[in-house]
>>> print(open('my_file_38.txt').read())   # compact mmCIF, C-alpha atoms
# COMPACT_ATOMS: atom_id res chain seq x y z
CA MET A 133 0.00 0.00 0.00
CA LEU A 134 2.82 2.42 0.81
CA VAL A 135 4.59 1.66 -2.47
CA SER A 136 1.34 2.14 -4.41
CA LEU A 137 0.65 5.38 -2.54
CA ALA A 138 4.12 6.74 -3.34
CA VAL A 139 4.09 5.74 -7.02
CA THR A 140 0.56 6.90 -7.81
CA SER A 141 1.09 10.15 -5.91
CA MET A 142 4.18 10.93 -8.00
CA VAL A 143 2.32 10.09 -11.21
CA ALA A 144 -0.65 12.22 -10.17
CA LEU A 145 1.61 15.17 -9.32
CA ALA A 146 3.47 14.75 -12.63
CA PHE A 147 0.19 15.28 -14.45
CA LEU A 148 -1.52 17.62 -12.01
CA ILE A 149 1.15 20.35 -11.84
CA PRO A 150 1.53 20.89 -15.63
CA LEU A 151 -2.23 20.62 -16.08
CA GLY A 152 -2.83 23.22 -13.36
CA LEU A 153 -0.37 25.62 -15.01
CA THR A 154 -2.05 25.01 -18.37
CA VAL A 155 -5.47 25.79 -16.90
CA ARG A 156 -4.15 29.08 -15.52
CA GLU A 157 -2.68 30.04 -18.89
CA ILE A 158 -5.91 29.12 -20.65
CA ALA A 159 -7.91 31.33 -18.28
CA ARG A 160 -5.51 34.25 -18.88
CA ASP A 161 -5.58 33.80 -22.64
CA ARG A 162 -9.36 33.58 -22.57
CA ALA A 163 -9.67 36.87 -20.69
CA LEU A 164 -7.20 38.63 -23.00
CA SER A 165 -8.91 37.26 -26.11
CA ASP A 166 -12.29 38.50 -24.88
CA ALA A 167 -10.83 41.94 -24.15
CA GLU A 168 -9.19 42.03 -27.59
CA ARG A 169 -12.48 41.10 -29.23
CA GLN A 170 -14.32 43.92 -27.46
CA ALA A 171 -11.59 46.41 -28.33
CA GLY A 172 -11.73 45.32 -31.95
CA ALA A 173 -15.48 45.98 -31.99
CA LEU A 174 -14.74 49.76 -31.86
CA GLY A 175 -12.63 49.63 -35.01
CA PRO A 176 -15.53 50.25 -37.43
CA ALA A 177 -16.88 53.12 -35.32
CA LEU A 178 -13.47 54.82 -35.20
CA ALA A 179 -13.05 54.35 -38.93
CA ILE A 180 -16.31 56.24 -39.54
CA THR A 181 -16.11 59.06 -37.01
CA THR A 182 -14.11 60.50 -34.16
CA ASP A 183 -17.05 62.45 -32.84
CA ARG A 184 -17.01 62.20 -29.08
CA PRO A 185 -20.77 61.65 -28.45
CA ALA A 186 -20.86 58.96 -31.13
CA LEU A 187 -17.81 57.24 -29.71
CA GLU A 188 -19.26 57.41 -26.21
CA ARG A 189 -22.37 55.65 -27.48
CA ALA A 190 -20.23 53.02 -29.21
CA VAL A 191 -18.15 52.43 -26.05
CA ALA A 192 -21.29 52.10 -23.91
CA SER A 193 -22.64 49.46 -26.30
CA THR A 194 -19.82 47.05 -25.41
CA GLN A 195 -19.71 44.86 -22.29
CA ALA A 196 -16.43 46.34 -21.06
CA GLY A 197 -17.62 49.88 -21.80
CA ALA A 198 -20.88 49.35 -19.93
CA ALA A 199 -18.82 48.14 -16.96
CA GLY A 200 -16.65 51.26 -17.12
CA ARG A 201 -13.53 49.34 -18.13
CA MET A 202 -12.98 50.66 -21.69
CA THR A 203 -11.23 53.84 -22.79
CA VAL A 204 -10.62 55.29 -26.28
CA HIS A 205 -7.45 57.38 -26.63
CA LEU A 206 -7.75 59.72 -29.68
CA PRO A 207 -4.74 61.03 -31.58
CA GLU A 208 -5.35 64.54 -30.37
CA GLY A 209 -4.55 63.38 -26.83
CA THR A 210 -8.12 63.29 -25.61
CA ALA A 211 -9.58 60.16 -23.98
CA ILE A 212 -13.10 58.82 -23.73
CA GLY A 213 -13.16 56.92 -20.42
CA PRO A 214 -11.17 56.87 -17.22
CA GLY A 215 -7.91 55.39 -18.57
CA TRP A 216 -5.41 53.21 -16.72
CA ALA A 217 -2.32 52.87 -18.89
CA GLY A 218 0.46 55.44 -18.89
CA ARG A 219 1.51 57.57 -21.83
CA ALA A 220 4.61 55.45 -22.47
CA ASP A 221 2.51 52.30 -22.89
CA LEU A 222 0.08 54.12 -25.20
CA ASP A 223 2.91 55.42 -27.38
CA ALA A 224 4.48 51.94 -27.48
CA ALA A 225 1.18 50.41 -28.60
CA ALA A 226 0.76 53.08 -31.31
CA ARG A 227 4.29 52.53 -32.63
CA ALA A 228 4.05 48.69 -32.48
CA GLY A 229 0.83 48.59 -34.44
CA ARG A 230 -0.42 45.56 -32.56
CA SER A 231 -2.17 44.87 -29.26
CA PHE A 232 -0.37 43.99 -26.07
CA ALA A 233 -1.13 43.80 -22.34
CA ALA A 234 0.49 46.23 -19.96
CA HIS A 235 0.68 45.94 -16.19
CA VAL A 236 -1.39 48.55 -14.42
CA PRO A 237 -2.46 48.88 -10.77
CA GLY A 238 -5.09 46.24 -10.01
CA GLY A 239 -4.60 44.12 -13.14
CA PHE A 240 -3.76 44.49 -16.84
CA ALA A 241 -4.70 46.92 -19.59
CA LEU A 242 -5.13 45.56 -23.13
CA LEU A 243 -4.03 48.23 -25.60
CA GLN A 244 -5.43 47.80 -29.15
CA PRO A 245 -4.20 50.32 -31.78
CA VAL A 246 -6.70 51.33 -34.49
CA ALA A 247 -5.55 53.06 -37.71
CA LEU A 248 -7.49 56.23 -38.69
CA ASP A 249 -7.29 58.43 -41.73
CA HIS A 250 -4.21 60.40 -42.65
CA GLY A 251 -1.97 57.96 -40.73
CA ARG A 252 -3.38 58.78 -37.37
CA ILE A 253 -3.52 56.07 -34.65
CA ALA A 254 -6.14 55.73 -31.92
CA VAL A 255 -5.67 53.29 -29.04
CA VAL A 256 -8.54 51.37 -27.46
CA GLU A 257 -7.81 50.39 -23.84
CA VAL A 258 -9.69 47.59 -22.01
CA PHE A 259 -8.98 47.18 -18.30
CA LEU A 260 -8.78 43.59 -16.99
CA PRO A 261 -8.91 43.13 -13.18
CA GLY A 262 -6.58 40.47 -11.83
CA ALA A 263 -9.56 38.30 -10.83
CA ASP A 264 -10.66 38.07 -14.49
CA LEU A 265 -7.32 36.56 -15.48
CA SER A 266 -7.75 33.70 -12.95
CA ARG A 267 -11.52 33.27 -13.19
CA GLY A 268 -12.41 29.57 -12.75
CA VAL A 269 -8.78 28.53 -12.11
CA TRP A 270 -9.25 27.69 -8.43
CA ALA A 271 -12.39 25.68 -9.13
CA ALA A 272 -10.59 23.74 -11.87
CA TRP A 273 -7.63 23.10 -9.56
CA ALA A 274 -9.97 21.85 -6.84
CA VAL A 275 -11.71 19.47 -9.25
CA MET A 276 -8.39 18.13 -10.56
CA THR A 277 -7.10 17.68 -7.01
CA CYS A 278 -10.20 15.72 -6.02
CA VAL A 279 -9.86 13.54 -9.12
CA ALA A 280 -6.18 12.91 -8.35
CA VAL A 281 -6.93 12.04 -4.71
CA ALA A 282 -9.71 9.68 -5.83
CA LEU A 283 -7.37 7.98 -8.31
CA VAL A 284 -4.62 7.60 -5.69
CA ALA A 285 -7.09 6.21 -3.14
CA GLY A 286 -8.49 3.82 -5.71
CA SER A 287 -5.05 2.57 -6.70
CA VAL A 288 -4.11 2.05 -3.05
CA ALA A 289 -7.33 0.10 -2.46
CA VAL A 290 -6.67 -2.05 -5.54
CA ALA A 291 -3.08 -2.64 -4.42
CA ASP A 292 -4.33 -3.64 -0.97
CA ARG A 293 -6.75 -6.16 -2.46
CA LEU A 294 -4.07 -7.55 -4.77
CA ALA A 295 -1.51 -7.87 -1.96
CA ASN A 296 -4.00 -9.18 0.60
CA GLY A 297 -3.61 -12.77 -0.57
CA ALA A 298 0.17 -12.60 -0.30
CA VAL A 299 -0.03 -10.99 3.13
CA ARG A 300 -2.44 -13.65 4.42
CA SER A 301 -0.21 -16.41 3.08
CA ALA A 302 2.86 -14.84 4.68
CA ARG A 303 1.06 -14.45 8.01
CA ARG A 304 -0.10 -18.07 7.94
CA LEU A 305 3.45 -19.18 7.19
CA ALA A 306 4.81 -17.02 10.02
CA GLY A 307 2.19 -18.39 12.43
CA ALA A 308 3.00 -21.95 11.46
CA ALA A 309 6.72 -21.29 11.93
CA GLY A 310 6.02 -19.86 15.39
CA ALA A 311 3.89 -22.87 16.31
CA LEU A 312 6.64 -25.23 15.13
CA GLY A 313 9.14 -23.28 17.19
CA ASP A 314 6.87 -23.69 20.23
CA GLY A 315 6.96 -27.46 19.80
CA ASP A 316 3.82 -28.23 17.75
CA LEU A 317 5.26 -30.73 15.26
CA SER A 318 1.88 -31.38 13.66
CA VAL A 319 1.48 -27.88 12.20
CA ARG A 320 1.47 -27.61 8.40
CA VAL A 321 0.50 -24.88 5.92
CA ASP A 322 -1.60 -24.92 2.75
CA PRO A 323 0.71 -23.31 0.15
CA GLN A 324 -1.13 -20.31 -1.29
CA GLY A 325 -0.38 -16.86 -2.66
CA PRO A 326 2.38 -15.90 -5.09
CA PRO A 327 4.64 -18.66 -6.47
CA GLU A 328 7.48 -17.67 -4.13
CA LEU A 329 5.29 -18.04 -1.05
CA GLN A 330 3.93 -21.34 -2.34
CA GLU A 331 7.50 -22.61 -2.68
CA ALA A 332 8.26 -21.35 0.83
CA GLY A 333 5.15 -23.14 2.18
CA LYS A 334 6.14 -26.39 0.50
CA ALA A 335 9.67 -26.06 1.87
CA PHE A 336 8.26 -25.41 5.35
CA ASN A 337 6.07 -28.52 5.19
CA ALA A 338 9.04 -30.59 4.01
CA MET A 339 11.17 -29.20 6.84
CA ALA A 340 8.48 -29.95 9.43
CA ASP A 341 8.13 -33.50 8.11
CA ARG A 342 11.89 -33.96 8.26
CA VAL A 343 12.09 -32.61 11.81
CA THR A 344 9.31 -34.96 12.88
CA GLN A 345 11.08 -37.90 11.28
CA LEU A 346 14.41 -37.02 12.87
CA LEU A 347 12.87 -36.65 16.32
CA ALA A 348 11.01 -39.92 15.93
CA ALA A 349 14.22 -41.65 14.84
CA GLU A 350 16.09 -40.12 17.78
CA ARG A 351 13.45 -41.31 20.24
CA GLU A 352 13.50 -44.80 18.77
CA MET A 353 17.28 -44.89 18.93
CA ALA A 354 17.27 -43.74 22.56
CA ALA A 355 14.63 -46.32 23.39
CA ASP A 356 16.60 -49.05 21.63
CA LEU A 357 19.81 -48.09 23.40
CA SER A 358 18.05 -48.05 26.74
CA HIS A 359 16.47 -51.39 25.97
CA ARG A 360 19.89 -52.89 25.32
CA LEU A 361 20.86 -52.02 28.87
CA ARG A 362 18.37 -54.57 30.15
CA THR A 363 20.59 -57.50 29.22
CA PRO A 364 23.60 -56.46 31.33
CA LEU A 365 21.10 -55.20 33.94
CA ALA A 366 19.58 -58.66 34.19
CA ALA A 367 23.03 -60.14 34.67
CA LEU A 368 23.76 -57.53 37.32
CA ARG A 369 20.52 -58.41 39.11
CA LEU A 370 21.49 -62.11 39.14
CA ASN A 371 24.91 -61.29 40.55
CA ALA A 372 23.35 -59.02 43.17
CA GLY A 373 21.00 -61.82 44.19
CA ALA A 374 23.97 -64.09 44.77
CA LEU A 375 25.57 -61.70 47.26
CA GLY A 376 23.61 -63.15 50.13
CA SER A 377 22.45 -61.05 53.07
CA GLY A 378 23.87 -58.03 54.79
CA GLU A 379 23.73 -54.26 54.47
CA PRO A 380 26.12 -53.96 51.48
CA ALA A 381 24.18 -56.62 49.58
CA ASP A 382 20.86 -54.93 50.35
CA GLN A 383 22.22 -51.57 49.20
CA THR A 384 23.50 -53.12 45.97
CA ARG A 385 20.13 -54.72 45.26
CA GLN A 386 18.40 -51.38 45.97
CA ALA A 387 20.74 -49.64 43.55
CA VAL A 388 20.01 -52.28 40.88
CA ASP A 389 16.25 -51.82 41.42
CA GLN A 390 16.64 -48.06 41.11
CA LEU A 391 18.70 -48.45 37.96
CA GLU A 392 16.06 -50.71 36.44
CA ARG A 393 13.31 -48.18 37.22
CA GLU A 394 15.33 -45.42 35.61
CA VAL A 395 15.89 -47.47 32.46
CA ASP A 396 12.16 -48.26 32.26
CA PHE A 397 11.37 -44.57 32.69
CA ILE A 398 13.75 -43.60 29.88
CA ILE A 399 12.16 -46.13 27.54
CA ARG A 400 8.65 -44.88 28.32
CA ALA A 401 9.68 -41.21 28.12
CA VAL A 402 11.37 -41.37 24.74
CA ARG A 403 8.46 -43.31 23.23
CA THR A 404 5.89 -40.86 24.66
CA PRO A 405 7.35 -37.37 24.09
CA GLY A 406 5.94 -34.00 25.03
CA GLY A 407 4.82 -34.72 28.57
CA HIS A 408 4.02 -31.73 30.75
CA GLY A 409 3.21 -31.64 34.41
CA THR A 410 4.12 -30.32 37.81
CA CYS A 411 5.67 -31.77 40.91
CA ASP A 412 6.74 -30.83 44.41
CA ALA A 413 10.41 -29.88 44.19
CA ALA A 414 10.88 -30.33 47.93
CA GLU A 415 9.62 -33.93 47.80
CA VAL A 416 11.76 -34.74 44.77
CA LEU A 417 14.85 -33.30 46.43
CA ARG A 418 14.25 -35.28 49.62
CA GLY A 419 13.85 -38.47 47.61
CA ARG A 420 16.96 -37.94 45.50
CA LEU A 421 19.07 -36.97 48.50
CA ARG A 422 18.00 -40.21 50.21
CA PHE A 423 19.30 -42.08 47.18
CA TRP A 424 22.60 -40.19 46.94
CA SER A 425 23.19 -40.23 50.70
CA VAL A 426 24.26 -43.87 50.47
CA LEU A 427 27.12 -43.01 48.12
CA ALA A 428 27.92 -39.88 50.13
CA GLU A 429 28.26 -42.00 53.26
CA ASP A 430 30.61 -44.39 51.52
CA GLU A 431 32.81 -41.53 50.24
CA GLY A 432 32.82 -39.62 53.52
CA ARG A 433 30.98 -36.55 52.26
CA SER A 434 28.86 -34.38 54.52
CA TRP A 435 25.87 -32.69 52.94
CA ASP A 436 22.98 -30.33 53.66
CA LEU A 437 19.48 -30.04 52.23
CA ILE A 438 18.14 -26.54 52.91
CA GLY A 439 14.66 -25.13 52.31
CA ALA A 440 12.89 -28.42 51.53
CA ALA A 441 10.64 -28.55 54.61
CA HIS A 442 7.63 -27.04 52.78
CA PRO A 443 6.02 -27.88 49.40
CA ALA A 444 7.41 -26.03 46.41
CA PRO A 445 5.50 -26.79 43.19
CA VAL A 446 7.43 -26.37 39.92
CA PRO A 447 6.23 -26.79 36.30
CA LEU A 448 8.26 -29.94 35.60
CA PRO A 449 7.28 -33.62 35.83
CA ALA A 450 8.83 -35.35 38.83
CA ALA A 451 10.88 -37.64 36.59
CA GLU A 452 12.41 -34.68 34.70
CA LEU A 453 13.24 -32.82 37.89
CA ALA A 454 14.74 -36.00 39.35
CA ALA A 455 16.88 -36.43 36.22
CA LEU A 456 18.01 -32.79 36.57
CA VAL A 457 19.00 -33.26 40.21
CA ASP A 458 20.71 -36.57 39.49
CA ALA A 459 22.73 -35.02 36.66
CA LEU A 460 24.00 -32.21 38.87
CA LEU A 461 24.68 -34.38 41.92
CA GLY A 462 26.37 -36.92 39.66
CA ASN A 463 28.74 -34.17 38.53
CA VAL A 464 29.58 -33.41 42.17
CA PHE A 465 30.45 -37.05 42.90
CA ARG A 466 32.26 -37.51 39.58
CA HIS A 467 34.34 -34.33 39.44
CA THR A 468 35.23 -33.67 43.11
CA PRO A 469 37.53 -35.73 45.32
CA GLU A 470 36.06 -38.12 47.89
CA GLY A 471 35.28 -36.38 51.15
CA THR A 472 34.23 -33.13 49.44
CA ASP A 473 31.20 -31.59 51.12
CA PHE A 474 28.16 -30.38 49.18
CA ALA A 475 24.85 -28.65 49.88
CA VAL A 476 21.51 -28.47 48.09
CA THR A 477 19.29 -25.41 48.64
CA LEU A 478 15.68 -25.01 47.54
CA HIS A 479 14.79 -21.34 47.20
CA PRO A 480 11.13 -20.51 46.37
CA GLY A 481 11.05 -16.92 45.06
CA GLU A 482 8.59 -14.50 43.50
CA GLY A 483 7.61 -16.29 40.30
CA MET A 484 10.82 -18.31 40.32
CA THR A 485 12.04 -21.32 42.25
CA GLY A 486 15.74 -21.94 42.50
CA ILE A 487 17.65 -25.17 43.13
CA LEU A 488 21.22 -24.36 44.17
CA ILE A 489 23.79 -27.16 44.32
CA ALA A 490 27.11 -26.09 45.84
CA ASP A 491 30.26 -28.06 46.61
CA ALA A 492 33.64 -27.52 48.20
CA GLY A 493 35.58 -28.89 45.25
CA PRO A 494 37.94 -27.21 42.80
CA GLY A 495 35.13 -25.31 41.03
CA ILE A 496 34.48 -24.72 37.32
CA THR A 497 37.05 -22.53 35.59
CA ASP A 498 35.37 -22.21 32.15
CA SER A 499 31.61 -21.81 32.64
CA PRO A 500 30.64 -21.25 28.96
CA ALA A 501 32.52 -24.37 27.87
CA ALA A 502 30.94 -26.38 30.68
CA LEU A 503 27.49 -25.45 29.38
CA THR A 504 28.30 -26.63 25.85
CA ARG A 505 26.48 -29.84 25.05
CA GLY A 506 28.86 -32.80 24.77
CA SER A 507 31.85 -30.78 25.96
CA SER A 508 33.75 -32.08 28.96
CA GLY A 509 37.37 -31.74 29.96
CA ARG A 510 37.18 -34.42 32.66
CA GLY A 511 36.32 -37.56 30.75
CA SER A 512 32.49 -37.47 31.13
CA THR A 513 29.74 -37.24 28.53
CA GLY A 514 29.38 -33.48 28.92
CA LEU A 515 25.58 -33.73 29.06
CA GLY A 516 24.80 -33.17 32.76
CA LEU A 517 24.79 -29.37 32.79
CA ASP A 518 23.13 -29.25 29.38
CA ILE A 519 20.28 -31.48 30.64
CA ALA A 520 19.75 -29.15 33.59
CA ARG A 521 19.94 -26.03 31.40
CA ARG A 522 17.39 -27.34 28.90
CA ALA A 523 15.00 -28.35 31.69
CA ALA A 524 15.26 -24.87 33.23
CA GLU A 525 14.78 -23.10 29.90
CA SER A 526 11.71 -25.21 29.12
CA THR A 527 9.97 -23.43 32.01
CA GLY A 528 11.24 -19.99 30.99
CA GLY A 529 14.03 -20.09 33.56
CA ASN A 530 17.79 -20.34 33.26
CA LEU A 531 20.94 -21.95 34.65
CA ARG A 532 23.91 -20.06 36.08
CA ILE A 533 27.30 -21.18 37.35
CA ASP A 534 28.89 -19.26 40.21
CA ARG A 535 31.38 -19.66 43.03
CA SER A 536 29.89 -21.24 46.14
CA ALA A 537 30.34 -20.24 49.75
CA LEU A 538 31.95 -23.67 50.28
CA GLY A 539 34.76 -22.68 47.97
CA GLY A 540 33.84 -24.74 44.91
CA ALA A 541 31.23 -24.47 42.18
CA GLN A 542 27.61 -23.51 42.67
CA VAL A 543 25.11 -24.43 39.96
CA GLN A 544 21.92 -22.36 40.15
CA VAL A 545 18.86 -23.75 38.36
CA TRP A 546 15.99 -21.27 38.27
CA LEU A 547 12.56 -22.57 37.24
CA ARG A 548 9.83 -20.08 36.38
CA THR A 549 6.68 -20.89 38.37
CA GLY A 550 4.51 -17.79 38.55
CA HIS A 551 3.56 -18.73 42.13
CA ARG A 552 4.17 -16.65 45.22
CA PRO A 553 7.07 -17.79 47.38
CA ARG A 554 6.52 -20.48 49.97
CA PRO A 555 7.85 -20.32 53.53
CA ARG A 556 11.41 -21.54 53.73
CA GLY A 557 12.56 -24.25 56.07
CA ARG A 558 15.73 -26.19 56.70
CA MET A 559 16.39 -29.84 56.51
CA ALA A 560 19.99 -30.77 57.20
CA ARG A 561 22.16 -33.59 58.34
CA PRO A 562 24.58 -33.11 61.25
CA GLY A 563 27.60 -31.15 60.11
CA ARG A 564 30.23 -33.76 60.92
CA ARG A 565 31.91 -35.35 57.94
CA GLY A 566 31.44 -39.09 58.04
CA ARG A 567 28.68 -41.60 57.45
CA HIS A 568 25.10 -40.41 57.14
CA GLY A 569 21.82 -42.14 56.77
CA GLY A 570 18.73 -41.04 54.84
CA THR A 571 17.14 -37.63 55.41
>>> encode(input="my_file_38.txt", output="structure tokens")
Amino acid sequence: MLVSLAVTSMVALAFLIPLGLTVREIARDRALSDAERQAGALGPALAITTDRPALERAVASTQAGAAGRMTVHLPEGTAIGPGWAGRADLDAAARAGRSFAAHVPGGFALLQPVALDHGRIAVVEVFLPGADLSRGVWAAWAVMTCVAVALVAGSVAVADRLANGAVRSARRLAGAAGALGDGDLSVRVDPQGPPELQEAGKAFNAMADRVTQLLAAEREMAADLSHRLRTPLAALRLNAGALGSGEPADQTRQAVDQLEREVDFIIRAVRTPGGHGTCDAAEVLRGRLRFWSVLAEDEGRSWDLIGAAHPAPVPLPAAELAALVDALLGNVFRHTPEGTDFAVTLHPGEGMTGILIADAGPGITDSPAALTRGSSGRGSTGLGLDIARRAAESTGGNLRIDRSALGGAQVQVWLRTGHRPRPRGRMARPGRRGRHGGT
């Protein structure tokens, strides 16, 4: 519409300005021609007589004379009428032998020389007010302006109708792209509009189909890989059953059971994507700390769980939050020496809930590299922090790495909740480093 408005406006002005000037010139020429005609009407009377009463009657018979705008200048220097032109203009008209318009106060004076007998020259003067020279010009300009505005408005309306189909197609394509970006893999577009947008729509549909296929293949591969773990897991269960009785054997069998549940969960999760839900972060943290406390006791680590005495709902399924906590606690056990203390803090805030995992280890020197998926300088998979970051970002939150008060690294996972903060409590083990039981 803007392009059409600019182009048609320039075209309209290109025609309107010259046409307006032409109309003004036509009005001026029309007034001068009418004055010249009336002046020429006195030629026969002057050729017959120069008697003043007769000439006065002849002047009064014309339209300009009746209006008091005609004067006859006789050779003897006398004038019949008021007169407007100066002597220099009258002499110039007599010498030139042809009519011309001279500027006078209030308008123009048309000077028409008339040849008399014995070579004498009389000059007929017709006064033209300035308004007569532009009579009808403003009305014509107004009509032309209205016509130009109507043409510009019509062209803009036509351009809008012509472009409306392309705009609708582009908006549908943009909406479908936004929906795909939000995770709706079923969205497709009906290619419409100009050929370029139809090609873009077809390319979008092909891309969406390809993304769906790749994600399905990835889920199947993850499920297949997880399913392969069941064979060595079954052998591990048989070996654990042969350990007999005792606390170490019971703990080993519990760990095998937990491992089998996690494998089953992974298989179900990858084959049923897109699950959404909520859970109580405090309950999940208490459960995961009970699990990790066994290994912490064996390695001589003291630990604290802070702020988990009251419910703290977060917009993540319990299994996803548990995987997040396990990934971060696994990093603590994997990348810090045995005997290194750690603490887990649950911090319900205004619209955000934070899970802070701090340790007294060597810390993380390169935070950006640590957050890169698959990047690890310590021999691990490099996925733990990325799993936590993606889970946080799926709620609109974020993950930050900082220095902890214990001297090592502190990983802050902030989950957007939209809920008002809950009262904080403290749940902690005794501070002595050594063996600890469940929380």
>>> residues_around(input="my_file_38.txt", residues="Gly540 of chain A", least_positions_apart="6", cutoff="8 Å", atoms="all atoms listed in the file", output="PDB file with C-alpha atoms, keeping the file's coordinate frame")
ATOM      1  CA  ALA A 490      27.110 -26.090  45.840  1.00  0.00           C
ATOM      2  CA  ASP A 491      30.260 -28.060  46.610  1.00  0.00           C
ATOM      3  CA  ALA A 492      33.640 -27.520  48.200  1.00  0.00           C
ATOM      4  CA  GLY A 493      35.580 -28.890  45.250  1.00  0.00           C
ATOM      5  CA  PRO A 494      37.940 -27.210  42.800  1.00  0.00           C
ATOM      6  CA  GLY A 495      35.130 -25.310  41.030  1.00  0.00           C
ATOM      7  CA  ILE A 496      34.480 -24.720  37.320  1.00  0.00           C
TER       8      ILE A 496
END
>>> closest_residue(input="my_file_38.txt", among="A:Glu208, A:Asp412, A:Glu328, A:Glu157", to="Leu265 of chain A", atoms="all atoms listed in the file")
A:Glu157
>>> closest_residue(input="my_file_38.txt", among="A:Asp292, A:Asp341, A:Asp389, A:Glu452", to="Ser526 of chain A", atoms="all atoms listed in the file")
A:Glu452
>>> closest_residue(input="my_file_38.txt", among="A:Glu482, A:Pro443, A:Val284, A:Val545", to="Leu460 of chain A", atoms="all atoms listed in the file")
A:Val545
>>> closest_residue(input="my_file_38.txt", among="A:Ala459, A:Leu134, A:Leu437, A:Ala144", to="Met276 of chain A", atoms="only C-alpha atoms")
A:Ala144
>>> residues_around(input="my_file_38.txt", residues="Thr277 of chain A", least_positions_apart="6", cutoff="10 Å", atoms="all atoms listed in the file", output="list in words")
Ala144, Leu145, Leu148, Ile149, Gly152, Ala271 and Leu283 of chain A
>>> write_last_selection(input="my_file_38.txt", atoms="C-alpha atoms", output="compact mmCIF listing (two decimals), in the coordinates of the input")
# COMPACT_ATOMS: atom_id res chain seq x y z
CA ALA A 144 -0.65 12.22 -10.17
CA LEU A 145 1.61 15.17 -9.32
CA LEU A 148 -1.52 17.62 -12.01
CA ILE A 149 1.15 20.35 -11.84
CA GLY A 152 -2.83 23.22 -13.36
CA ALA A 271 -12.39 25.68 -9.13
CA LEU A 283 -7.37 7.98 -8.31
>>> atom_distance(input="my_file_38.txt", atom1="atom CA of Ala254 of chain A", atom2="atom CA of Leu222 of chain A")
9.3 Å
>>> residues_around(input="my_file_38.txt", residues="Ala387 of chain A", least_positions_apart="2", cutoff="12 Å", atoms="only C-alpha atoms", output="PyMOL selection string")
chain A and resi 365+368-369+372+380-385+389-394+422-424+426-427
>>> write_last_selection(input="my_file_38.txt", atoms="C-alpha atoms", output="PDB file, in the frame of the given file")
ATOM      1  CA  LEU A 365      21.100 -55.200  33.940  1.00  0.00           C
ATOM      2  CA  LEU A 368      23.760 -57.530  37.320  1.00  0.00           C
ATOM      3  CA  ARG A 369      20.520 -58.410  39.110  1.00  0.00           C
ATOM      4  CA  ALA A 372      23.350 -59.020  43.170  1.00  0.00           C
ATOM      5  CA  PRO A 380      26.120 -53.960  51.480  1.00  0.00           C
ATOM      6  CA  ALA A 381      24.180 -56.620  49.580  1.00  0.00           C
ATOM      7  CA  ASP A 382      20.860 -54.930  50.350  1.00  0.00           C
ATOM      8  CA  GLN A 383      22.220 -51.570  49.200  1.00  0.00           C
ATOM      9  CA  THR A 384      23.500 -53.120  45.970  1.00  0.00           C
ATOM     10  CA  ARG A 385      20.130 -54.720  45.260  1.00  0.00           C
ATOM     11  CA  ASP A 389      16.250 -51.820  41.420  1.00  0.00           C
ATOM     12  CA  GLN A 390      16.640 -48.060  41.110  1.00  0.00           C
ATOM     13  CA  LEU A 391      18.700 -48.450  37.960  1.00  0.00           C
ATOM     14  CA  GLU A 392      16.060 -50.710  36.440  1.00  0.00           C
ATOM     15  CA  ARG A 393      13.310 -48.180  37.220  1.00  0.00           C
ATOM     16  CA  GLU A 394      15.330 -45.420  35.610  1.00  0.00           C
ATOM     17  CA  ARG A 422      18.000 -40.210  50.210  1.00  0.00           C
ATOM     18  CA  PHE A 423      19.300 -42.080  47.180  1.00  0.00           C
ATOM     19  CA  TRP A 424      22.600 -40.190  46.940  1.00  0.00           C
ATOM     20  CA  VAL A 426      24.260 -43.870  50.470  1.00  0.00           C
ATOM     21  CA  LEU A 427      27.120 -43.010  48.120  1.00  0.00           C
TER      22      LEU A 427
END
>>> axis_aligned_box(input="my_file_38.txt", around="segment 425-442 of chain A", padding_each_side="3 Å", output="lines of an AutoDock Vina configuration file")
center_x = 20.2
center_y = -34.8
center_z = 51.4
size_x = 31.2
size_y = 25.3
size_z = 12.5
>>> closest_residue(input="my_file_38.txt", among="A:Ala338, A:Leu453, A:Leu248, A:Ile533", to="Ile180 of chain A", atoms="only C-alpha atoms")
A:Leu248
>>> atom_distance(input="my_file_38.txt", atom1="atom CA of Gly419 of chain A", atom2="atom CA of Glu431 of chain A")
19.4 Å
>>> residues_near_point(input="my_file_38.txt", point="(7.3, -33.0, 35.0)", cutoff="10 Å", atoms="only C-alpha atoms", output="list of chain:residue names")
A:Gly407, A:His408, A:Gly409, A:Thr410, A:Cys411, A:Asp412, A:Val446, A:Pro447, A:Leu448, A:Pro449, A:Ala450, A:Ala451, A:Glu452, A:Leu453, A:Ala454, A:Ala523
>>> write_last_selection(input="my_file_38.txt", atoms="C-alpha atoms", output="mmCIF file, in the frame of the given file")
data_model
loop_
_atom_site.group_PDB
_atom_site.id
_atom_site.type_symbol
_atom_site.label_atom_id
_atom_site.label_comp_id
_atom_site.auth_asym_id
_atom_site.auth_seq_id
_atom_site.Cartn_x
_atom_site.Cartn_y
_atom_site.Cartn_z
ATOM 1 C CA GLY A 407 4.820 -34.720 28.570
ATOM 2 C CA HIS A 408 4.020 -31.730 30.750
ATOM 3 C CA GLY A 409 3.210 -31.640 34.410
ATOM 4 C CA THR A 410 4.120 -30.320 37.810
ATOM 5 C CA CYS A 411 5.670 -31.770 40.910
ATOM 6 C CA ASP A 412 6.740 -30.830 44.410
ATOM 7 C CA VAL A 446 7.430 -26.370 39.920
ATOM 8 C CA PRO A 447 6.230 -26.790 36.300
ATOM 9 C CA LEU A 448 8.260 -29.940 35.600
ATOM 10 C CA PRO A 449 7.280 -33.620 35.830
ATOM 11 C CA ALA A 450 8.830 -35.350 38.830
ATOM 12 C CA ALA A 451 10.880 -37.640 36.590
ATOM 13 C CA GLU A 452 12.410 -34.680 34.700
ATOM 14 C CA LEU A 453 13.240 -32.820 37.890
ATOM 15 C CA ALA A 454 14.740 -36.000 39.350
ATOM 16 C CA ALA A 523 15.000 -28.350 31.690
#
